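Trainee: So I've got this file, work.txt, and it contains compact mmCIF, C-alpha atoms:
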```txt
# COMPACT_ATOMS: atom_id res chain seq x y z
CA MET F 1 -103.96 32.06 69.13
CA ASN F 2 -104.53 35.20 71.18
CA GLN F 3 -106.53 37.29 68.73
CA ARG F 4 -105.94 40.51 70.65
CA ILE F 5 -102.18 40.13 70.38
CA LYS F 6 -102.27 39.16 66.73
CA ALA F 7 -104.47 42.17 65.98
CA ALA F 8 -102.20 44.43 68.05
CA TRP F 9 -99.21 43.42 65.94
CA GLU F 10 -101.25 43.72 62.73
CA GLY F 11 -102.70 47.08 63.70
CA ARG F 12 -99.36 48.53 64.74
CA ILE F 13 -97.60 47.39 61.58
CA SER F 14 -100.43 48.44 59.25
CA GLY F 15 -100.79 51.85 60.89
CA CYS F 16 -97.06 52.38 60.58
CA LEU F 17 -97.08 51.46 56.89
CA LEU F 18 -100.00 53.83 56.35
CA GLY F 19 -98.19 56.82 57.81
CA LYS F 20 -94.68 56.08 56.56
CA PRO F 21 -94.95 57.47 52.99
CA VAL F 22 -96.08 60.92 54.18
CA GLU F 23 -94.01 61.16 57.38
CA ILE F 24 -91.31 63.51 56.07
CA LEU F 25 -93.81 65.53 54.05
CA SER F 26 -95.93 66.07 57.15
CA MET F 27 -92.94 66.99 59.33
CA ARG F 28 -91.33 69.42 56.91
CA GLU F 29 -94.27 71.02 55.17
CA GLY F 30 -97.15 70.62 57.62
CA LYS F 31 -100.73 69.44 57.67
CA ASP F 32 -101.93 71.57 54.73
CA SER F 33 -99.29 70.14 52.40
CA LEU F 34 -100.08 66.66 53.66
CA GLU F 35 -103.78 67.10 52.91
CA SER F 36 -102.99 68.54 49.50
CA TYR F 37 -100.87 65.52 48.63
CA LEU F 38 -103.55 63.10 49.81
CA LYS F 39 -106.13 64.84 47.67
CA LYS F 40 -103.90 64.98 44.59
CA SER F 41 -103.08 61.28 44.95
CA ASN F 42 -106.77 60.39 45.33
CA SER F 43 -106.14 59.20 48.89
CA PHE F 44 -108.41 61.62 50.73
CA PRO F 45 -110.17 60.95 53.01
CA LEU F 46 -107.51 58.46 54.05
CA ARG F 47 -109.17 55.07 54.49
CA ASP F 48 -106.62 52.79 52.84
CA TYR F 49 -102.91 52.82 52.07
CA VAL F 50 -101.66 55.99 50.39
CA ASN F 51 -101.67 56.06 46.59
CA HIS F 52 -98.24 56.92 45.26
CA LEU F 53 -97.75 60.24 43.51
CA GLU F 54 -94.24 61.46 42.75
CA HIS F 55 -93.00 63.94 45.33
CA PRO F 56 -89.43 64.88 46.33
CA LEU F 57 -90.13 64.03 49.99
CA ILE F 58 -91.56 60.59 49.23
CA LYS F 59 -88.81 58.22 48.16
CA GLY F 60 -86.97 55.01 48.96
CA LEU F 61 -88.71 52.63 51.34
CA SER F 62 -91.60 55.09 51.68
CA ILE F 63 -92.65 54.34 48.10
CA ASN F 64 -92.68 50.64 48.99
CA CYS F 65 -95.32 51.43 51.63
CA CYS F 66 -97.80 52.90 49.14
CA LYS F 67 -100.89 51.10 47.92
CA GLY F 68 -100.14 48.47 45.28
CA LYS F 69 -96.42 48.51 46.08
CA ILE F 70 -96.44 46.77 49.47
CA VAL F 71 -95.00 43.24 49.55
CA ARG F 72 -93.75 43.24 53.17
CA ALA F 73 -93.60 45.50 56.21
CA GLU F 74 -90.52 47.57 55.46
CA GLN F 75 -88.13 48.47 58.25
CA ASP F 76 -89.18 51.36 60.45
CA ASP F 77 -88.14 52.33 63.95
CA ASP F 78 -91.73 52.03 65.21
CA ILE F 79 -91.61 48.30 64.48
CA THR F 80 -87.90 47.76 65.16
CA TYR F 81 -88.32 48.92 68.77
CA THR F 82 -91.39 46.74 69.28
CA VAL F 83 -89.46 43.67 68.19
CA LEU F 84 -86.46 44.77 70.25
CA ALA F 85 -88.64 45.07 73.37
CA LEU F 86 -89.90 41.53 72.74
CA MET F 87 -86.33 40.28 72.50
CA MET F 88 -85.26 42.11 75.66
CA LEU F 89 -88.18 40.73 77.65
CA GLU F 90 -87.38 37.23 76.43
CA GLU F 91 -83.81 37.63 77.66
CA HIS F 92 -84.28 39.61 80.87
CA GLY F 93 -87.92 39.12 81.89
CA LEU F 94 -89.69 41.50 84.23
CA ASN F 95 -86.44 42.40 85.96
CA ILE F 96 -85.24 44.22 82.86
CA ASP F 97 -83.62 47.52 83.76
CA THR F 98 -82.26 50.55 81.94
CA ASP F 99 -78.78 49.06 81.76
CA ASP F 100 -80.13 45.97 80.00
CA ILE F 101 -81.77 48.22 77.45
CA ALA F 102 -78.59 50.25 76.96
CA ARG F 103 -76.50 47.13 76.39
CA THR F 104 -79.06 45.75 73.95
CA TRP F 105 -78.90 48.92 71.90
CA ILE F 106 -75.12 48.83 71.72
CA ASN F 107 -74.98 45.13 70.87
CA LYS F 108 -77.99 44.71 68.59
CA LEU F 109 -79.22 48.07 67.30
CA PRO F 110 -77.14 49.82 64.61
CA ALA F 111 -76.43 53.46 65.42
CA GLY F 112 -77.77 54.41 61.99
CA ALA F 113 -81.18 53.03 62.97
CA THR F 114 -81.50 55.58 65.79
CA PHE F 115 -82.69 59.17 65.53
CA THR F 116 -82.88 62.34 67.62
CA ALA F 117 -82.95 61.47 71.35
CA GLU F 118 -82.05 57.83 70.73
CA ARG F 119 -79.03 58.74 68.64
CA GLU F 120 -77.85 61.29 71.19
CA ALA F 121 -78.22 58.70 73.95
CA TYR F 122 -76.34 56.18 71.81
CA ILE F 123 -73.48 58.62 71.29
CA ASN F 124 -73.39 59.43 74.99
CA LEU F 125 -73.23 55.73 75.80
CA LEU F 126 -70.26 55.24 73.53
CA LYS F 127 -68.52 58.17 75.18
CA LYS F 128 -69.20 57.20 78.77
CA MET F 129 -69.10 53.40 78.92
CA ASP F 130 -66.09 51.10 79.04
CA PHE F 131 -65.83 47.82 77.17
CA GLY F 132 -66.83 45.83 80.22
CA TYR F 133 -70.19 47.57 80.51
CA GLN F 134 -71.22 46.45 77.05
CA PHE F 135 -70.96 42.83 78.15
CA GLY F 136 -72.61 43.14 81.55
CA GLY F 137 -70.02 45.01 83.59
CA LYS F 138 -70.80 47.69 86.15
CA ARG F 139 -71.96 51.11 85.03
CA GLY F 140 -69.48 53.89 85.65
CA PHE F 141 -71.76 56.77 84.74
CA ASN F 142 -75.18 58.19 85.61
CA ILE F 143 -78.17 57.65 83.33
CA GLU F 144 -78.74 61.42 83.57
CA GLU F 145 -75.53 61.80 81.55
CA ILE F 146 -77.02 59.63 78.81
CA ASN F 147 -80.49 61.20 78.53
CA ASP F 148 -79.17 64.75 78.65
CA ASN F 149 -80.01 65.89 75.12
CA GLU F 150 -82.09 68.52 73.34
CA PHE F 151 -84.60 65.96 72.07
CA ASN F 152 -85.44 64.26 75.37
CA ASP F 153 -89.06 65.43 75.41
CA TRP F 154 -89.74 64.19 71.86
CA ILE F 155 -91.73 61.13 70.76
CA GLY F 156 -88.95 58.52 70.51
CA ALA F 157 -89.60 56.78 73.82
CA GLN F 158 -93.35 56.80 73.25
CA ILE F 159 -92.98 54.53 70.21
CA ARG F 160 -90.78 51.97 71.98
CA ILE F 161 -93.01 50.71 74.75
CA ASP F 162 -96.21 49.09 73.43
CA MET F 163 -94.84 45.61 74.11
CA TYR F 164 -94.69 46.22 77.87
CA GLY F 165 -98.45 46.72 77.91
CA TRP F 166 -99.14 43.87 75.51
CA VAL F 167 -97.43 41.26 77.68
CA LEU F 168 -98.98 42.50 80.94
CA PRO F 169 -102.77 42.58 80.42
CA GLY F 170 -104.41 43.71 83.63
CA GLN F 171 -101.07 44.82 85.10
CA PRO F 172 -100.91 48.51 84.10
CA VAL F 173 -98.70 49.62 87.00
CA LYS F 174 -96.02 47.10 86.07
CA ALA F 175 -96.33 47.95 82.37
CA ALA F 176 -95.88 51.66 83.10
CA GLU F 177 -92.89 50.88 85.32
CA LEU F 178 -91.15 48.94 82.55
CA ALA F 179 -91.90 51.72 80.09
CA ARG F 180 -90.23 54.24 82.39
CA ARG F 181 -87.13 52.07 82.66
CA ASP F 182 -86.91 51.97 78.86
CA ALA F 183 -87.81 55.61 78.22
CA SER F 184 -85.38 57.04 80.75
CA LEU F 185 -82.38 55.85 78.76
CA SER F 186 -82.96 58.65 76.27
CA HIS F 187 -85.80 60.83 77.56
CA ARG F 188 -86.95 62.85 80.55
CA GLY F 189 -90.03 64.48 82.02
CA CYS F 190 -93.18 64.54 79.94
CA ALA F 191 -91.80 62.11 77.35
CA VAL F 192 -91.27 59.47 80.04
CA GLU F 193 -94.79 60.07 81.35
CA CYS F 194 -96.23 59.79 77.83
CA SER F 195 -94.47 56.45 77.45
CA ALA F 196 -95.73 55.16 80.79
CA TYR F 197 -99.23 56.26 79.81
CA ILE F 198 -99.30 54.35 76.49
CA ALA F 199 -97.88 51.17 78.04
CA GLY F 200 -100.37 51.36 80.90
CA LEU F 201 -103.24 51.99 78.51
CA ALA F 202 -102.29 48.92 76.49
CA ALA F 203 -102.34 46.83 79.67
CA LEU F 204 -105.74 48.22 80.66
CA ILE F 205 -107.61 47.82 77.37
CA PRO F 206 -108.20 44.04 77.69
CA ILE F 207 -109.78 44.43 81.14
CA CYS F 208 -111.81 47.64 80.73
CA GLU F 209 -115.38 47.72 79.51
CA ASN F 210 -114.76 50.41 76.90
CA ARG F 211 -112.08 52.65 75.43
CA LEU F 212 -112.95 55.74 77.43
CA SER F 213 -112.75 53.82 80.68
CA ALA F 214 -109.28 52.56 79.79
CA VAL F 215 -108.10 56.01 78.68
CA GLN F 216 -109.30 57.62 81.90
CA LYS F 217 -107.98 54.87 84.17
CA ALA F 218 -104.55 55.08 82.56
CA LEU F 219 -104.32 58.68 83.75
CA GLU F 220 -103.94 57.31 87.28
CA LEU F 221 -100.56 55.94 86.24
CA ILE F 222 -98.87 59.25 85.45
CA ASP F 223 -98.01 62.47 87.23
CA ARG F 224 -101.12 64.62 87.47
CA ASN F 225 -98.96 67.73 87.17
CA SER F 226 -97.23 66.50 84.03
CA GLU F 227 -97.90 68.04 80.64
CA ALA F 228 -98.57 64.47 79.51
CA PHE F 229 -101.65 64.41 81.76
CA GLU F 230 -102.87 67.61 80.09
CA ALA F 231 -102.24 66.17 76.62
CA VAL F 232 -104.41 63.16 77.39
CA GLU F 233 -107.15 65.43 78.71
CA MET F 234 -106.93 67.43 75.48
CA GLY F 235 -107.43 64.25 73.49
CA ILE F 236 -110.42 63.25 75.61
CA ALA F 237 -112.02 66.70 75.35
CA ALA F 238 -111.67 66.70 71.56
CA ALA F 239 -113.13 63.22 71.09
CA GLY F 240 -115.93 63.22 68.55
CA LYS F 241 -114.91 66.64 67.28
CA SER F 242 -112.22 67.84 64.90
CA SER F 243 -108.57 67.84 65.92
CA ASP F 244 -108.37 71.62 65.44
CA ALA F 245 -108.16 72.45 69.15
CA ILE F 246 -105.23 70.08 69.59
CA ILE F 247 -103.45 71.42 66.54
CA LYS F 248 -103.92 74.99 67.70
CA LYS F 249 -102.67 74.31 71.23
CA TYR F 250 -99.52 72.54 70.13
CA GLN F 251 -98.77 74.43 66.92
CA GLU F 252 -95.43 75.71 68.22
CA LEU F 253 -94.08 72.30 69.22
CA SER F 254 -91.85 70.13 67.07
CA PRO F 255 -93.91 67.79 64.86
CA VAL F 256 -92.15 64.92 66.63
CA HIS F 257 -92.76 66.10 70.19
CA SER F 258 -94.34 63.65 72.65
CA LEU F 259 -97.23 65.85 73.79
CA ASN F 260 -98.92 66.87 70.54
CA ASN F 261 -98.74 63.35 69.17
CA LEU F 262 -100.06 61.77 72.37
CA ALA F 263 -103.08 64.07 72.22
CA ILE F 264 -103.74 62.99 68.63
CA VAL F 265 -103.45 59.32 69.55
CA VAL F 266 -106.02 59.66 72.35
CA TRP F 267 -108.33 61.76 70.18
CA SER F 268 -108.28 59.28 67.30
CA PHE F 269 -108.60 56.21 69.52
CA LEU F 270 -111.72 57.64 71.15
CA SER F 271 -113.28 59.40 68.17
CA PHE F 272 -113.53 56.63 65.59
CA GLN F 273 -114.68 53.53 67.42
CA SER F 274 -116.66 51.90 64.65
CA SER F 275 -113.95 51.84 62.00
CA PHE F 276 -110.27 50.92 62.01
CA ASP F 277 -109.99 52.65 58.63
CA GLU F 278 -111.22 55.96 60.01
CA ALA F 279 -109.20 55.80 63.22
CA VAL F 280 -105.80 55.20 61.65
CA GLY F 281 -106.69 57.31 58.61
CA GLU F 282 -107.58 60.34 60.70
CA ALA F 283 -104.62 59.83 63.06
CA VAL F 284 -102.31 60.05 60.05
CA SER F 285 -104.25 62.85 58.34
CA ALA F 286 -103.95 65.01 61.46
CA GLY F 287 -100.28 65.39 60.61
CA TRP F 288 -97.18 65.67 62.80
CA ASP F 289 -95.57 62.22 63.27
CA THR F 290 -97.76 60.23 60.93
CA ASP F 291 -96.20 56.77 61.05
CA CYS F 292 -95.76 56.85 64.83
CA ASN F 293 -99.36 57.86 65.45
CA GLY F 294 -100.70 55.41 62.89
CA ALA F 295 -98.73 52.63 64.55
CA THR F 296 -99.73 53.49 68.11
CA VAL F 297 -103.41 53.93 67.30
CA GLY F 298 -103.41 50.79 65.19
CA GLY F 299 -101.90 48.72 67.98
CA LEU F 300 -104.34 50.03 70.58
CA ILE F 301 -107.32 49.31 68.35
CA GLY F 302 -106.02 45.82 67.68
CA LEU F 303 -105.96 45.15 71.42
CA ASP F 304 -109.47 46.50 71.76
CA GLU F 305 -111.14 44.89 68.75
CA GLY F 306 -109.13 41.70 68.30
CA ILE F 307 -109.36 41.93 64.52
CA ILE F 308 -107.91 44.10 61.75
CA PRO F 309 -109.56 44.24 58.30
CA LYS F 310 -107.74 42.03 55.81
CA LYS F 311 -107.26 44.85 53.31
CA TRP F 312 -104.62 46.19 55.70
CA THR F 313 -102.81 42.92 56.38
CA ASP F 314 -103.02 41.04 53.10
CA PRO F 315 -100.53 43.28 51.24
CA TRP F 316 -97.59 42.63 53.58
CA LYS F 317 -98.32 38.90 53.98
CA GLY F 318 -96.99 38.54 57.52
CA LYS F 319 -93.46 39.52 56.43
CA VAL F 320 -91.70 41.96 58.76
CA ILE F 321 -88.31 43.67 58.35
CA THR F 322 -86.47 45.46 61.15
CA SER F 323 -83.14 47.25 61.56
CA ILE F 324 -81.96 44.87 64.30
CA SER F 325 -78.59 43.35 63.49
CA GLY F 326 -78.68 39.86 62.01
CA LEU F 327 -82.42 39.23 62.13
CA GLY F 328 -83.42 39.30 58.50
CA GLU F 329 -87.08 38.84 57.60
CA LEU F 330 -89.42 37.98 60.48
CA ASN F 331 -92.74 36.15 60.41
CA LEU F 332 -95.80 37.67 62.05
CA ASP F 333 -97.15 34.39 63.42
CA ASN F 334 -93.81 33.75 65.12
CA LEU F 335 -93.84 37.22 66.70
CA VAL F 336 -97.38 36.63 67.94
CA GLN F 337 -96.50 33.22 69.38
CA ARG F 338 -93.45 34.63 71.19
CA THR F 339 -95.55 37.45 72.63
CA GLU F 340 -98.17 34.97 73.84
CA THR F 341 -95.44 32.91 75.51
CA LEU F 342 -94.33 35.96 77.48
CA ILE F 343 -97.90 36.75 78.54
CA GLN F 344 -98.28 33.25 79.96
CA LYS F 345 -94.84 33.34 81.59
CA PHE F 346 -95.33 36.72 83.26
CA SER F 347 -98.87 35.89 84.36
CA PHE F 348 -97.55 32.81 86.15
CA GLU F 349 -94.68 34.73 87.72
CA LEU F 350 -96.87 37.55 89.01
CA LYS F 351 -99.40 35.11 90.48
CA ASN F 352 -96.65 33.41 92.42
CA VAL F 353 -94.90 36.47 93.80
```
Can you turn what I pasted into structure tokens?

Mentor:
Amino acid sequence: MNQRIKAAWEGRISGCLLGKPVEILSMREGKDSLESYLKKSNSFPLRDYVNHLEHPLIKGLSINCCKGKIVRAEQDDDITYTVLALMMLEEHGLNIDTDDIARTWINKLPAGATFTAEREAYINLLKKMDFGYQFGGKRGFNIEEINDNEFNDWIGAQIRIDMYGWVLPGQPVKAAELARRDASLSHRGCAVECSAYIAGLAALIPICENRLSAVQKALELIDRNSEAFEAVEMGIAAAGKSSDAIIKKYQELSPVHSLNNLAIVVWSFLSFQSSFDEAVGEAVSAGWDTDCNGATVGGLIGLDEGIIPKKWTDPWKGKVITSISGLGELNLDNLVQRTETLIQKFSFELKNV
């Protein structure tokens, strides 16, 4: 079994579960309220799953992601989109395009499982497409009509694209290209560049000698004039220090914007290299989009280290739930095996081009 891929899945899922209980609290009330809750629940500093303490913004599935209450990885868009990308690559391979992604959403992803930019894109698709398009017919609209929405520089695309890097180790340009095809369905500008960056970084980690090298090399994949480039540089500059400079710079942005959260991901990935607990714990404690950042950092560390401490994985027992229509409960080992199959398939294809 490819230990890097298994750890990437484990890290992404565990990081997501860590941040999920406090996601809405962080978004609505900010970092100070988040820290206050963590302290009151005896979860600070955050080095394990969050202890549950009653709070009006922590309810439903979020409670099921608290320490002592986890029996499976509950559904969350951060994991749903990772599984969906796996399924799309299995069906379409490296020739996957934005239309394939659009049709997959319509046919397999419930509208209620989408949010912000994704939901707006979904609505636009329903308005613009005909019935033939859904089943492979020609597109009678421009993608720019679909990604034209007020949320198209937010984080949604950035959480959808890890898989493209996972299945293309050592092929960062191709990984970034696939990420752009996916991201452009719902996003534009800096959000697309952020997505390309994370996918490219994931493809680089297995072949680079250290994390900093991979982080810096991934910058070559995105527009140097993009705000995404600046966000990565902010994360690099803050490495080993507090996240205060990042928080100050981006304090006016939405808590679910692509830029502020990308900077936190880079900062955490570089700052806490001796401890998975610290890296995901501090990524979540920094606030903003806690489950997304926990998931992204966790997945990147899994790729780098090839192992995730069992205290994070034992509670959910390899059981994974998504929002994808008709799937039911998934098994981690099966997801890992399917990902490994794609790595082998794409490696063979690219060698024989």

Trainee: Which is closer to Ile307 in chain F than all the others in F:Ile222, F:Lys249, F:Ile264, F:Phe276, using only C-alpha atoms?

Mentor: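 Of F:Ile222, F:Lys249, F:Ile264, F:Phe276, the one nearest Ile307 in chain F is F:Phe276, counting only C-alpha atoms.
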
Trainee: Go through F:Ser347, F:Ser226, F:Ser285, F:Asn107 one by one, measure the shortest atom-to-atom distance of each to Leu38 in chain F using all atoms listed in the file, and give the residue with the smallest value.

Mentor: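 When distances to Leu38 in chain F are compared using all atoms listed in the file, the smallest one comes from F:Ser285.
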
Trainee: CA of Ile96 in chain F and CA of Lys138 in chain F, how far apart in Å?

Mentor: 15.2 Å

Trainee: To one decimal place, how far is CA of Ile106 in chain F from CA of Asp77 in chain F in Å?

Mentor: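 Computing the Euclidean distance for CA of Ile106 in chain F and CA of Asp77 in chain F yields 15.6 Å.
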
Trainee: Go through range 189-278 of chain F residue by residue and, counting all atoms listed in the file, keep those with an atom at most 12 Å from range 113-118 of chain F; for each kept residue give the shortest atom pair and its distance in Å to one decimal, ordered by chain and increasing number, as a tab-separated table.

Mentor:
```
residue	atom	partner	partner_atom	distance
F:Ala191	CA	F:Ala117	CA	10.7
F:Ser254	CA	F:Thr116	CA	11.9
F:Val256	CA	F:Thr116	CA	9.7
F:His257	CA	F:Thr116	CA	10.9
F:Ser258	CA	F:Ala117	CA	11.7
```

Trainee: Got a sec: who's within 10 Å of Lys59 in chain F, counting all atoms listed in the file, leaving out chain neighbours fewer than 6 positions off, as a PyMOL selection string?

Mentor: chain F and resi 21-22+24+52

Trainee: When distances are computed from all atoms listed in the file, which of F:Glu252, F:Asp130, F:Glu74, F:Glu230 shows the smallest separation from Lys319 in chain F?

Mentor: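 Checking each of F:Glu252, F:Asp130, F:Glu74, F:Glu230 against Lys319 in chain F, counting all atoms listed in the file, the winner is F:Glu74.
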
Trainee: Which of these, F:Leu94, F:Val173, F:Leu185, F:Ala179, has the shortest distance to Ile123 in chain F once you count all atoms listed in the file?

Mentor: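 Of F:Leu94, F:Val173, F:Leu185, F:Ala179, the one nearest Ile123 in chain F is F:Leu185, counting all atoms listed in the file.
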
Trainee: Mind pulling up the distance from CA of Asn142 in chain F to CA of Ala85 in chain F?

Mentor: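 Atom-to-atom, CA of Ala85 in chain F to CA of Asn142 in chain F, that is 22.4 Å.
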
Trainee: Hey, can you pull every residue with an atom no more than 10 Å from (-88.1, 44.6, 73.0), using only C-alpha atoms, and send it as a VMD selection string?

Mentor: chain F and resid 79 to 91 101 104 160 to 164 182

Trainee: May I have the centre and edge lengths, in Å to one decimal, of an axis-aligned box around the listed atoms of range 250-253 of chain F with 5 Å added to every side, as lines of an AutoDock Vina configuration file?

Mentor:
```
center_x = -96.8
center_y = 74.0
center_z = 68.5
size_x = 15.4
size_y = 13.4
size_z = 13.2
```

Trainee: Could you pull out every residue with an atom within 12 Å of (-90.3, 70.8, 62.0), file coordinates, counting only C-alpha atoms, and send them as a VMD selection string?

Mentor: chain F and resid 23 to 31 154 251 to 257 287 to 289

Trainee: Residues near Asp78 in chain F, anyone? I mean within 9 Å using all atoms listed in the file, not counting same-chain ones fewer than 4 positions away, as a VMD selection string.

Mentor: chain F and resid 12 to 13 16 82 156 159 to 160 291 to 292 295 to 296

Trainee: I'd like to know which of F:Glu349, F:Glu329, F:Glu209, F:Asp32 is closest to Lys317 in chain F, using all atoms listed in the file.

Mentor: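 The answer is F:Glu329, which sits nearest to Lys317 in chain F.
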
Trainee: From the list F:Ala175, F:Ile321, F:Val232, F:Val336, which residue is nearest Gly200 in chain F when using all atoms listed in the file?

Mentor: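 Closest to Gly200 in chain F of all the choices is F:Ala175.
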